[in-house]
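The next block holds one structure in the form of structure tokens; read it before the comments.
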Amino acid sequence: MKNYSITSSVVLREGIAILNGKEFLHTPGTDVSSFCKELYRTLKTDYSKFFKMDNLCKLAFISAELLLKDHSIAAFQSDEVALVFSNASASLDTDKSYYGSVEDKSNYFPSPAVFVYTLPNIMMGELCIRHKLLGENTFFISEKFDAELISGYTTQLLNSAKAKCVIAGWIEVGEKNWEAALFLIEQSDERENQLLSPAAMEEIFRSSFR
């Protein structure tokens with residue numbers, strides 16, 4: 001039986017970034033856009049398109065940058081890495097911004113730059129472009145973080161050989177709250193890595209912010 005492990009994890013919430021169980025950045029009270037930009041600068045990322053993204057894409061992008069900071073996926077072929085993401089409100093944050101640009105008929109100015117982000121799976125496309133990924137990607141809408149769903153679907157992908165590595169997790173941007181939790185999952189027998197399970201994912205998601 002193959003062992004699938006969480007080889008890297010990040011949780012971002014409440015102005016705090018946790019990388020593999022350790023605090024990486026702490027800027028309490030910041031909004032999602034400011035926090036993502038601060039993390040971008042801290043990581044010394046060089047990707048100008050980042051600043052054109054909506055908040056959901058910024059959060060997914062910078063979470064993945066942190067997730068892969070010390071764990072390269074270069075050993076995998078471009079079609080061997082899958083993405084499995086989920087959130088509760090899809091792209092509602094950007095949908096509202098776009099609606100604001102078209103609701104006033106006397107000042108009607110729909111923005112193509114905003115409209116392009118009115119689908120939640122666009123953030124996955126941005127990651128595919130950034131990391132040159134051609135593998136399967138799936139996006140679920142869940143009322144809350146569903147470790148059973150994400151772990152189960154990830155295991156199915158790995159067992160069926162549709163992927164050898166999966167970046168999975170939760171990226172949510174709401175009116176008042178935002179949070180992200182990403183997991184790098186691959187076959188590994190190294191003892192320091194936590195075996196993939198719903199309980200393990202839930203523990204990582206919750207434990208850093210008790």
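Each chain of the structure tokens is named A, B, ... in the order shown, its residues numbered from 1; ligands are numbered from 1 in display order.
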
request  = For region 165-181 of chain A, work out the shell of residues within 6 Å, counting only C-alpha atoms and skipping chain neighbours fewer than 4 positions away, then give it as a list in words.
outcome  =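 My list of contacting residues is Val10, Val11, Leu12, Arg13, Leu56, Val81, Ala82, Leu83, Val84, Phe85, Ser86, Asn87, Ile185 and Glu186 of chain A.
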
key: Shell of 8 Å around Asn121 (chain A), only C-alpha atoms, local chain residues under 3 positions omitted, as a list in words   =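 Listed by chain and then number, they are Met124, Gly125 and Phe139 of chain A.
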
Distance in Å - CA of Thr45 (chain A) versus CA of Leu19 (chain A) = 16.4 Å

Separation of CA of Ser197 (chain A) from CA of Ser142 (chain A) in Å =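 These atoms are spaced 18.3 Å apart.
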
message = Could you list, as a PyMOL selection string, every residue within 10 Å of Lys69 (chain A), counting only C-alpha atoms and ignoring same-chain residues fewer than 3 positions away?
response = chain A and resi 8+19+43+63-66+72
